[in-house]
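The file upload-v8.csv contains CSV, C-alpha atoms:
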chain,number,residue,atom,x,y,z
Y,1452,MET,CA,124.4,112.3,91.8
Y,1453,ARG,CA,123.2,108.9,90.8
Y,1454,ALA,CA,123.2,105.4,92.2
Y,1455,PHE,CA,122.4,102.1,90.3
Y,1456,LEU,CA,120.4,99.6,92.4
Y,1457,PHE,CA,120.0,95.8,91.8
Y,1458,PRO,CA,117.0,93.8,93.1
Y,1459,GLY,CA,117.0,90.7,95.3
Y,1460,GLN,CA,115.1,87.5,95.7
Y,1461,GLY,CA,111.3,87.7,95.0
Y,1462,SER,CA,111.7,89.6,91.8
Y,1463,GLN,CA,111.9,86.5,89.7
Y,1464,SER,CA,109.1,85.5,87.3
Y,1465,VAL,CA,108.6,83.0,84.4
Y,1466,GLY,CA,109.3,84.8,81.2
Y,1467,MET,CA,111.9,87.2,82.7
Y,1468,GLY,CA,114.4,88.4,80.2
Y,1469,ALA,CA,112.7,86.7,77.2
Y,1470,ALA,CA,111.6,89.9,75.4
Y,1471,LEU,CA,115.0,91.6,76.2
Y,1472,ALA,CA,116.9,88.7,74.7
Y,1473,ASP,CA,114.8,88.9,71.6
Y,1474,ALA,CA,115.8,92.6,71.3
Y,1475,SER,CA,119.4,92.6,72.5
Y,1476,GLN,CA,122.5,90.7,71.5
Y,1477,ALA,CA,124.2,91.9,74.7
Y,1478,ALA,CA,121.4,90.3,76.7
Y,1479,ARG,CA,121.5,87.0,74.8
Y,1480,ASP,CA,125.3,86.9,75.3
Y,1481,THR,CA,124.8,87.5,79.1
Y,1482,PHE,CA,122.3,84.6,79.4
Y,1483,GLY,CA,124.5,82.3,77.4
Y,1484,GLU,CA,127.6,83.1,79.5
Y,1485,VAL,CA,125.7,82.4,82.7
Y,1486,ASP,CA,124.4,79.1,81.3
Y,1487,GLU,CA,127.9,78.1,80.3
Y,1488,ALA,CA,129.3,79.0,83.7
Y,1489,LEU,CA,126.7,77.0,85.6
Y,1490,GLY,CA,126.6,74.1,83.1
Y,1491,GLN,CA,122.8,74.5,83.3
Y,1492,ASN,CA,120.2,75.9,80.9
Y,1493,LEU,CA,119.1,78.5,83.4
Y,1494,PHE,CA,117.7,80.9,80.7
Y,1495,LYS,CA,115.3,78.2,79.4
Y,1496,LEU,CA,114.0,77.9,83.0
Y,1497,MET,CA,113.7,81.7,83.2
Y,1498,ARG,CA,111.8,81.8,79.9
Y,1499,GLU,CA,109.6,78.8,80.3
Y,1500,GLY,CA,109.5,77.7,83.9
Y,1501,PRO,CA,108.2,75.7,85.7
Y,1502,GLU,CA,107.7,78.4,88.3
Y,1503,ASP,CA,108.4,76.1,91.2
Y,1504,ASP,CA,111.8,75.3,89.8
Y,1505,LEU,CA,112.6,79.0,89.2
Y,1506,LYS,CA,111.6,79.9,92.7
Y,1507,LEU,CA,114.2,77.4,94.2
Y,1508,THR,CA,116.8,79.6,95.9
Y,1509,GLU,CA,119.7,78.0,94.0
Y,1510,ASN,CA,118.0,78.9,90.7
Y,1511,ALA,CA,116.3,82.2,91.7
Y,1512,GLN,CA,119.5,83.9,92.9
Y,1513,PRO,CA,121.6,83.4,89.7
Y,1514,ALA,CA,118.5,84.0,87.5
Y,1515,ILE,CA,117.8,87.4,89.1
Y,1516,MET,CA,121.4,88.4,88.8
Y,1517,ALA,CA,121.6,87.2,85.1
Y,1518,HIS,CA,118.5,89.3,84.3
Y,1519,ALA,CA,119.9,92.4,86.0
Y,1520,LEU,CA,123.2,92.0,84.2
Y,1521,ALA,CA,121.5,91.4,80.9
Y,1522,VAL,CA,119.7,94.8,81.3
Y,1523,PHE,CA,122.9,96.4,82.5
Y,1524,ARG,CA,124.9,95.2,79.6
Y,1525,ALA,CA,122.3,96.2,77.1
Y,1526,LEU,CA,122.5,99.7,78.6
Y,1527,THR,CA,126.3,99.8,78.6
Y,1528,ARG,CA,127.2,97.9,75.4
Y,1529,GLU,CA,124.3,98.9,73.2
Y,1530,GLY,CA,123.2,102.1,74.9
Y,1531,GLY,CA,126.8,103.4,75.1
Y,1532,VAL,CA,126.5,104.2,78.8
Y,1533,SER,CA,129.6,104.0,81.1
Y,1534,LEU,CA,128.9,103.2,84.7
Y,1535,GLU,CA,131.8,105.2,85.9
Y,1536,LYS,CA,130.7,108.3,84.0
Y,1537,VAL,CA,127.0,108.3,85.1
Y,1538,ALA,CA,126.9,106.7,88.5
Y,1539,HIS,CA,128.6,107.6,91.8
Y,1540,PHE,CA,127.6,104.4,93.8
Y,1541,VAL,CA,126.0,101.0,93.4
Y,1542,ALA,CA,123.9,99.1,95.9
Y,1543,GLY,CA,122.0,95.8,95.8
Y,1544,HIS,CA,119.3,94.2,98.0
Y,1545,SER,CA,120.7,91.0,99.4
Y,1546,LEU,CA,121.8,88.8,96.5
Y,1547,GLY,CA,121.6,92.1,94.5
Y,1548,GLU,CA,124.9,93.1,96.1
Y,1549,TYR,CA,126.6,90.4,93.9
Y,1550,SER,CA,124.9,91.9,90.8
Y,1551,ALA,CA,126.0,95.4,91.8
Y,1552,LEU,CA,129.6,94.2,92.3
Y,1553,CYS,CA,129.6,92.4,89.0
Y,1554,ALA,CA,128.3,95.6,87.2
Y,1555,ALA,CA,131.0,97.6,89.0
Y,1556,GLY,CA,133.8,95.2,87.9
Y,1557,SER,CA,134.6,93.5,91.2
Y,1558,PHE,CA,133.6,90.0,89.9
Y,1559,ASP,CA,133.3,88.8,86.3
Y,1560,LEU,CA,130.0,87.3,85.2
Y,1561,PRO,CA,130.9,83.6,85.4
Y,1562,THR,CA,132.3,84.0,88.9
Y,1563,THR,CA,129.2,85.9,90.1
Y,1564,ALA,CA,126.9,83.2,88.7
Y,1565,LYS,CA,128.9,80.4,90.4
Y,1566,LEU,CA,129.0,82.3,93.7
Y,1567,LEU,CA,125.2,82.9,93.7
Y,1568,LYS,CA,124.5,79.3,92.7
Y,1569,LEU,CA,126.6,78.2,95.7
Y,1570,ARG,CA,125.0,80.8,98.0
Y,1571,GLY,CA,121.5,79.6,97.0
Y,1572,GLN,CA,122.4,76.0,97.6
Y,1573,ALA,CA,124.1,76.8,100.9
Y,1574,MET,CA,121.2,78.9,102.2
Y,1575,GLN,CA,118.7,76.2,101.3
Y,1576,ALA,CA,120.9,73.5,103.0
Y,1577,ALA,CA,121.5,75.5,106.2
Y,1578,VAL,CA,118.0,74.9,107.6
Y,1579,PRO,CA,115.8,71.8,106.9
Y,1580,VAL,CA,112.6,72.7,105.1
Y,1581,GLY,CA,109.8,73.5,107.6
Y,1582,VAL,CA,112.1,74.5,110.4
Y,1583,GLY,CA,112.4,78.2,109.5
Y,1584,ALA,CA,110.1,80.9,108.1
Y,1585,MET,CA,109.9,84.6,107.3
Y,1586,ALA,CA,107.2,87.2,107.5
Y,1587,ALA,CA,106.7,90.8,106.4
Y,1588,LEU,CA,105.4,93.3,109.0
Y,1589,LEU,CA,103.5,96.0,107.2
Y,1590,GLY,CA,102.9,99.3,108.9
Y,1591,ALA,CA,105.8,98.7,111.2
Y,1592,ASP,CA,109.1,100.5,111.5
Y,1593,LEU,CA,112.4,98.9,112.7
Y,1594,GLN,CA,111.9,99.7,116.3
Y,1595,LEU,CA,108.4,98.1,116.4
Y,1596,ALA,CA,109.6,95.1,114.4
Y,1597,GLU,CA,112.4,94.5,116.9
Y,1598,LYS,CA,109.9,94.6,119.8
Y,1599,ILE,CA,107.6,92.1,118.1
Y,1600,ALA,CA,110.5,89.8,117.2
Y,1601,ALA,CA,111.9,89.9,120.8
Y,1602,ALA,CA,108.4,89.2,122.2
Y,1603,ALA,CA,107.8,86.3,119.8
Y,1604,ALA,CA,111.3,84.6,120.2
Y,1605,GLN,CA,110.6,82.8,123.5
Y,1606,GLY,CA,113.9,81.0,123.3
Y,1607,GLU,CA,113.9,80.5,119.5
Y,1608,ILE,CA,115.5,82.7,116.8
Y,1609,CYS,CA,113.4,85.6,115.7
Y,1610,THR,CA,115.2,88.6,114.3
Y,1611,VAL,CA,114.8,91.4,111.8
Y,1612,ALA,CA,116.1,90.3,108.4
Y,1613,ASN,CA,115.3,93.2,106.1
Y,1614,ASP,CA,114.6,96.8,107.1
Y,1615,ASN,CA,113.2,97.7,103.7
Y,1616,ASP,CA,111.5,101.0,104.2
Y,1617,PRO,CA,109.6,103.0,106.9
Y,1618,SER,CA,106.5,100.8,106.5
Y,1619,GLN,CA,107.8,97.4,105.7
Y,1620,VAL,CA,110.2,95.2,107.8
Y,1621,VAL,CA,110.8,91.5,107.3
Y,1622,ILE,CA,111.5,89.1,110.2
Y,1623,SER,CA,113.2,85.7,110.0
Y,1624,GLY,CA,113.8,82.7,112.3
Y,1625,HIS,CA,112.3,79.5,113.6
Y,1626,LYS,CA,108.9,78.8,112.2
Y,1627,GLY,CA,107.2,78.7,115.6
Y,1628,ALA,CA,108.6,82.1,116.5
Y,1629,ILE,CA,107.5,83.6,113.2
Y,1630,GLU,CA,104.0,82.2,113.7
Y,1631,ARG,CA,103.9,83.8,117.2
Y,1632,ALA,CA,105.1,87.1,115.7
Y,1633,ILE,CA,102.3,87.0,113.1
Y,1634,GLU,CA,99.7,86.5,115.8
Y,1635,MET,CA,101.1,89.3,118.0
Y,1636,ALA,CA,101.9,91.8,115.3
Y,1637,ARG,CA,98.5,93.7,115.1
Y,1638,GLU,CA,98.0,93.9,118.8
Y,1639,MET,CA,101.5,95.3,119.2
Y,1640,GLY,CA,100.8,98.0,116.6
Y,1641,ALA,CA,101.6,96.7,113.1
Y,1642,LYS,CA,98.9,97.0,110.4
Y,1643,ARG,CA,99.3,93.4,109.5
Y,1644,ALA,CA,101.8,90.5,109.2
Y,1645,VAL,CA,102.2,88.4,106.1
Y,1646,PRO,CA,104.0,85.1,105.9
Y,1647,LEU,CA,106.4,85.0,103.0
Y,1648,PRO,CA,106.6,82.1,100.5
Y,1649,VAL,CA,110.3,81.4,101.0
Y,1650,SER,CA,112.1,78.1,101.4
Y,1651,ALA,CA,114.5,79.2,104.1
Y,1652,PRO,CA,114.8,81.8,106.9
Y,1653,PHE,CA,117.3,84.2,105.2
Y,1654,HIS,CA,119.4,86.9,107.0
Y,1655,CYS,CA,119.2,85.4,110.5
Y,1656,PRO,CA,121.6,83.4,112.7
Y,1657,LEU,CA,120.2,80.1,111.4
Y,1658,MET,CA,122.0,80.9,108.2
Y,1659,GLN,CA,125.5,80.5,109.8
Y,1660,PRO,CA,126.4,77.3,107.9
Y,1661,ALA,CA,125.7,79.2,104.6
Y,1662,ALA,CA,127.9,82.1,105.9
Y,1663,ASP,CA,130.7,79.6,106.5
Y,1664,ALA,CA,130.3,78.2,103.0
Y,1665,MET,CA,130.5,81.7,101.5
Y,1666,ALA,CA,133.5,82.6,103.6
Y,1667,GLU,CA,135.3,79.6,102.1
Y,1668,ALA,CA,134.3,80.4,98.6
Y,1669,LEU,CA,135.0,84.1,98.7
Y,1670,GLY,CA,138.3,83.4,100.3
Y,1671,LYS,CA,139.4,81.7,97.1
Y,1672,THR,CA,137.9,84.4,94.8
Y,1673,VAL,CA,139.7,87.4,93.4
Y,1674,ILE,CA,137.7,90.6,94.2
Y,1675,GLU,CA,138.7,93.6,92.3
Y,1676,PRO,CA,138.2,97.2,93.6
Y,1677,PRO,CA,134.8,98.3,92.2
Y,1678,HIS,CA,134.7,101.1,89.6
Y,1679,VAL,CA,132.4,103.0,92.0
Y,1680,PRO,CA,131.8,102.3,95.7
Y,1681,LEU,CA,129.2,99.9,96.9
Y,1682,TYR,CA,126.7,100.8,99.7
Y,1683,ALA,CA,126.8,97.6,101.7
Y,1684,ASN,CA,123.7,96.0,103.2
Y,1685,VAL,CA,125.1,95.3,106.6
Y,1686,THR,CA,126.7,98.7,107.3
Y,1687,ALA,CA,124.6,101.0,105.0
Y,1688,THR,CA,127.8,102.8,104.2
Y,1689,ALA,CA,130.1,103.0,101.1
Y,1690,VAL,CA,132.9,100.4,100.7
Y,1691,ALA,CA,135.5,100.0,98.0
Y,1692,ASP,CA,138.2,97.9,99.6
Y,1693,PRO,CA,138.2,94.3,98.3
Y,1694,THR,CA,139.1,92.8,101.7
Y,1695,GLU,CA,136.3,94.7,103.4
Y,1696,ILE,CA,133.8,93.7,100.6
Y,1697,GLU,CA,134.7,90.0,101.2
Y,1698,ARG,CA,134.0,90.4,104.9
Y,1699,LEU,CA,130.7,92.2,104.5
Y,1700,LEU,CA,129.4,89.7,101.9
Y,1701,VAL,CA,130.0,86.9,104.5
Y,1702,GLU,CA,128.3,88.9,107.3
Y,1703,GLN,CA,125.4,89.7,105.0
Y,1704,VAL,CA,124.2,86.0,105.0
Y,1705,THR,CA,123.3,86.2,108.6
Y,1706,GLY,CA,123.0,89.9,109.0
Y,1707,MET,CA,120.2,92.4,108.5
Y,1708,VAL,CA,119.7,94.1,105.2
Y,1709,ARG,CA,119.8,97.8,106.1
Y,1710,TRP,CA,118.1,99.0,103.0
Y,1711,ARG,CA,116.2,101.9,104.5
Y,1712,GLU,CA,119.3,103.3,106.0
Y,1713,SER,CA,121.3,102.6,102.8
Y,1714,ILE,CA,118.9,104.7,100.7
Y,1715,ALA,CA,118.6,107.4,103.4
Y,1716,ASN,CA,122.4,107.6,103.6
Y,1717,LEU,CA,122.8,107.7,99.8
Y,1718,SER,CA,120.2,110.5,99.7
Y,1719,SER,CA,122.1,112.4,102.5
Y,1720,ALA,CA,125.3,112.0,100.5
Y,1721,GLY,CA,123.6,113.9,97.6
Y,1722,VAL,CA,122.2,111.1,95.5
Y,1723,ALA,CA,118.9,112.2,93.9
Y,1724,GLU,CA,118.7,109.8,90.9
Y,1725,PHE,CA,118.2,106.1,91.5
Y,1726,VAL,CA,118.2,103.6,88.6
Y,1727,GLU,CA,116.8,100.1,89.4
Y,1728,VAL,CA,118.3,97.7,87.0
Y,1729,GLY,CA,116.2,94.6,86.1
Y,1730,GLY,CA,113.3,95.0,88.5
Y,1731,LYS,CA,110.5,97.2,89.7
Y,1732,VAL,CA,110.6,96.5,93.4
Y,1733,LEU,CA,113.2,98.9,94.8
Y,1734,GLY,CA,112.0,102.1,93.2
Y,1735,PRO,CA,108.8,102.3,95.3
Y,1736,MET,CA,110.9,101.6,98.4
Y,1737,VAL,CA,113.2,104.5,97.5
Y,1738,LYS,CA,110.3,106.8,97.1
Y,1739,ARG,CA,108.9,105.9,100.6
Y,1740,ILE,CA,112.4,106.4,102.1
Y,1741,ALA,CA,113.4,109.5,100.3
Y,1742,PRO,CA,110.3,111.2,98.9
Y,1743,ASP,CA,112.3,113.8,97.0
Y,1744,ALA,CA,114.3,111.2,95.1
Y,1745,ASN,CA,113.8,110.4,91.5
Y,1746,PRO,CA,113.8,106.5,91.0
Y,1747,VAL,CA,113.5,104.9,87.6
Y,1748,SER,CA,113.4,101.2,86.7
Y,1749,ILE,CA,114.8,99.7,83.6
Y,1750,VAL,CA,113.6,96.3,82.5
Y,1751,THR,CA,112.7,96.5,78.8
Y,1752,MET,CA,114.7,97.6,75.7
Y,1753,ALA,CA,112.4,100.6,75.5
Y,1754,ASP,CA,113.3,101.5,79.1
Y,1755,ILE,CA,117.0,101.1,78.3
Y,1756,GLU,CA,116.8,103.3,75.2
Y,1757,VAL,CA,114.9,106.1,77.0
Y,1758,LEU,CA,117.5,106.1,79.9
Y,1759,ALA,CA,120.5,106.0,77.5
Y,1760,LYS,CA,119.2,109.2,75.8
Y,1761,GLU,CA,118.5,111.0,79.1
Y,1762,ILE,CA,121.5,110.0,81.2
Would you give me this structure, written as structure tokens?
Amino acid sequence: MRAFLFPGQGSQSVGMGAALADASQAARDTFGEVDEALGQNLFKLMREGPEDDLKLTENAQPAIMAHALAVFRALTREGGVSLEKVAHFVAGHSLGEYSALCAAGSFDLPTTAKLLKLRGQAMQAAVPVGVGAMAALLGADLQLAEKIAAAAAQGEICTVANDNDPSQVVISGHKGAIERAIEMAREMGAKRAVPLPVSAPFHCPLMQPAADAMAEALGKTVIEPPHVPLYANVTATAVADPTEIERLLVEQVTGMVRWRESIANLSSAGVAEFVEVGGKVLGPMVKRIAPDANPVSIVTMADIEVLAKEI
């Protein structure tokens, strides 16, 4: 069995998609469609930067999705690969859920781009710059991360945002609480704690205004049943009902990304092949969670051509 995976924020870089667009008409069409939907030359920003503008949440989120879908469409339209025939599930890390749902036919591309632009803007606006922060706890599992977060909170918000794999958990909340957690982490048993260069504290209760904005937007959006089920971030289980998908996408804004459990549950369900579409971040996590799994990443036209022959 096989699952297609789609990366989240942090996998953006200046130059992303440029070589693929040179090699693939499907990729060029994808970037053009996203630009048209947003009324913005996002692909120029992806190609040329500046990096600080690309890192802005409202740009990074649709850019990462556009890149993943450009790779996906090059695979399906030019590689002749059908998602329904080769994959049993899709999953995405945070914003990657939108990419996964677009690939699976729940959203069209313009709708996905607009939703992610709004999501990025709403997440940025939810908390004033400097009020929130995030940190990665390395050499810490979920149980230890929850203990560190609880000890550091001291009346402020400090919660687990991403349970990524057995050795990396991300915490999110008020800046002071995250700074306390970083100081406490080693003495409480983590190898180290690294502050993350993010502009807002994602996946914690401080994001509630953004969740409200997404609830309103998604309530006006037609969500089609996906061609293959989605393993949802907040439940780490398969979902295919559009009403349930809508609810989980809203919950996901403030909820924990249960990535470790999602991959472990996919593995338990019989998935051995994992294809990361448009990034090289999730594959190593998969290997740490399910050592017997076979993850591959497709980013370049060469990657796509090899997979299309093998799949």
Considering only C-alpha atoms, can you say which of Y:Leu1507, Y:Ala1759, Y:Val1621, Y:Ile1608 comes closest to Y:Met1574?
Y:Leu1507
Atom pair atom CA of Y:His1539 / atom CA of Y:Ile1740: separation (Å):
19.2 Å
Report, in Å with one decimal, the straight-line distance from atom CA of Y:Gly1590 to atom CA of Y:Met1639.
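These atoms are spaced 11.1 Å apart.
The coordinates place atom CA of Y:Ser1545 at 11.2 Å from atom CA of Y:Glu1702.
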Residues near Y:Val1485, cut-off 10 Å, all atoms listed in the file, skip fewer than 4 positions along chain, as a ChimeraX atom specification:
/Y:1480-1481,1489-1494,1513-1514,1516-1517,1560-1565
Deliver the residues from the most recent selection as a file, using C-alpha atoms, as a short mmCIF file (atom, residue, chain, number, x, y, z; two decimals), in the frame of the given file.
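Written out: out-v6.cif:
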data_model
loop_
_atom_site.label_atom_id
_atom_site.label_comp_id
_atom_site.auth_asym_id
_atom_site.auth_seq_id
_atom_site.Cartn_x
_atom_site.Cartn_y
_atom_site.Cartn_z
CA ASP Y 1480 125.30 86.90 75.30
CA THR Y 1481 124.80 87.50 79.10
CA LEU Y 1489 126.70 77.00 85.60
CA GLY Y 1490 126.60 74.10 83.10
CA GLN Y 1491 122.80 74.50 83.30
CA ASN Y 1492 120.20 75.90 80.90
CA LEU Y 1493 119.10 78.50 83.40
CA PHE Y 1494 117.70 80.90 80.70
CA PRO Y 1513 121.60 83.40 89.70
CA ALA Y 1514 118.50 84.00 87.50
CA MET Y 1516 121.40 88.40 88.80
CA ALA Y 1517 121.60 87.20 85.10
CA LEU Y 1560 130.00 87.30 85.20
CA PRO Y 1561 130.90 83.60 85.40
CA THR Y 1562 132.30 84.00 88.90
CA THR Y 1563 129.20 85.90 90.10
CA ALA Y 1564 126.90 83.20 88.70
CA LYS Y 1565 128.90 80.40 90.40
#
Between Y:Asn1745, Y:Thr1705, Y:Thr1508, Y:Thr1686, which residue has the minimum interatomic distance to Y:Ala1723, considering all atoms listed in the file?
Y:Asn1745
Using only C-alpha atoms, the shortest atom-to-atom distance to Y:Ser1650 among Y:Pro1579, Y:Gly1531, Y:Gly1706, Y:Pro1458 belongs to Y:Pro1579
Completed stretch 1661-1684 of chain Y (N, CA and C atoms) as an mmCIF file, in the coordinates of the input:
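Just written: rebuild_21.cif:
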data_model
loop_
_atom_site.group_PDB
_atom_site.id
_atom_site.type_symbol
_atom_site.label_atom_id
_atom_site.label_comp_id
_atom_site.auth_asym_id
_atom_site.auth_seq_id
_atom_site.Cartn_x
_atom_site.Cartn_y
_atom_site.Cartn_z
ATOM 1 N N ALA Y 1661 125.590 78.629 105.969
ATOM 2 C CA ALA Y 1661 125.700 79.200 104.600
ATOM 3 C C ALA Y 1661 126.781 80.336 104.652
ATOM 4 N N ALA Y 1662 126.842 81.097 105.736
ATOM 5 C CA ALA Y 1662 127.900 82.100 105.900
ATOM 6 C C ALA Y 1662 129.269 81.479 105.840
ATOM 7 N N ASP Y 1663 129.408 80.343 106.501
ATOM 8 C CA ASP Y 1663 130.700 79.600 106.500
ATOM 9 C C ASP Y 1663 131.057 79.164 105.094
ATOM 10 N N ALA Y 1664 130.070 78.664 104.368
ATOM 11 C CA ALA Y 1664 130.300 78.200 103.000
ATOM 12 C C ALA Y 1664 130.739 79.379 102.102
ATOM 13 N N MET Y 1665 130.105 80.538 102.279
ATOM 14 C CA MET Y 1665 130.500 81.700 101.500
ATOM 15 C C MET Y 1665 131.834 82.257 101.875
ATOM 16 N N ALA Y 1666 132.177 82.159 103.154
ATOM 17 C CA ALA Y 1666 133.500 82.600 103.600
ATOM 18 C C ALA Y 1666 134.585 81.783 102.900
ATOM 19 N N GLU Y 1667 134.369 80.487 102.802
ATOM 20 C CA GLU Y 1667 135.300 79.600 102.100
ATOM 21 C C GLU Y 1667 135.429 79.940 100.642
ATOM 22 N N ALA Y 1668 134.276 80.100 99.999
ATOM 23 C CA ALA Y 1668 134.300 80.400 98.600
ATOM 24 C C ALA Y 1668 134.854 81.736 98.233
ATOM 25 N N LEU Y 1669 134.464 82.747 98.989
ATOM 26 C CA LEU Y 1669 135.000 84.100 98.700
ATOM 27 C C LEU Y 1669 136.451 84.228 99.040
ATOM 28 N N GLY Y 1670 136.907 83.411 99.994
ATOM 29 C CA GLY Y 1670 138.300 83.400 100.300
ATOM 30 C C GLY Y 1670 139.202 82.938 99.175
ATOM 31 N N LYS Y 1671 138.610 82.187 98.251
ATOM 32 C CA LYS Y 1671 139.400 81.700 97.100
ATOM 33 C C LYS Y 1671 139.074 82.517 95.835
ATOM 34 N N THR Y 1672 138.311 83.596 95.981
ATOM 35 C CA THR Y 1672 137.900 84.400 94.800
ATOM 36 C C THR Y 1672 138.618 85.728 94.788
ATOM 37 N N VAL Y 1673 139.073 86.095 93.606
ATOM 38 C CA VAL Y 1673 139.700 87.400 93.400
ATOM 39 C C VAL Y 1673 138.587 88.466 93.354
ATOM 40 N N ILE Y 1674 138.658 89.448 94.238
ATOM 41 C CA ILE Y 1674 137.700 90.600 94.200
ATOM 42 C C ILE Y 1674 138.476 91.823 93.838
ATOM 43 N N GLU Y 1675 138.102 92.405 92.716
ATOM 44 C CA GLU Y 1675 138.700 93.600 92.300
ATOM 45 C C GLU Y 1675 138.086 94.848 92.915
ATOM 46 N N PRO Y 1676 138.821 95.947 93.078
ATOM 47 C CA PRO Y 1676 138.200 97.200 93.600
ATOM 48 C C PRO Y 1676 137.063 97.589 92.609
ATOM 49 N N PRO Y 1677 135.881 97.918 93.101
ATOM 50 C CA PRO Y 1677 134.800 98.300 92.200
ATOM 51 C C PRO Y 1677 135.075 99.665 91.544
ATOM 52 N N HIS Y 1678 134.539 99.848 90.338
ATOM 53 C CA HIS Y 1678 134.700 101.100 89.600
ATOM 54 C C HIS Y 1678 134.089 102.279 90.363
ATOM 55 N N VAL Y 1679 132.988 102.002 91.057
ATOM 56 C CA VAL Y 1679 132.400 103.000 92.000
ATOM 57 C C VAL Y 1679 132.058 102.263 93.257
ATOM 58 N N PRO Y 1680 132.053 102.964 94.403
ATOM 59 C CA PRO Y 1680 131.800 102.300 95.700
ATOM 60 C C PRO Y 1680 130.449 101.629 95.792
ATOM 61 N N LEU Y 1681 130.411 100.581 96.605
ATOM 62 C CA LEU Y 1681 129.200 99.900 96.900
ATOM 63 C C LEU Y 1681 128.659 100.327 98.282
ATOM 64 N N TYR Y 1682 127.362 100.619 98.371
ATOM 65 C CA TYR Y 1682 126.700 100.800 99.700
ATOM 66 C C TYR Y 1682 126.328 99.447 100.196
ATOM 67 N N ALA Y 1683 126.989 98.985 101.257
ATOM 68 C CA ALA Y 1683 126.800 97.600 101.700
ATOM 69 C C ALA Y 1683 125.582 97.436 102.592
ATOM 70 N N ASN Y 1684 124.931 96.289 102.441
ATOM 71 C CA ASN Y 1684 123.700 96.000 103.200
ATOM 72 C C ASN Y 1684 123.905 96.034 104.700
#
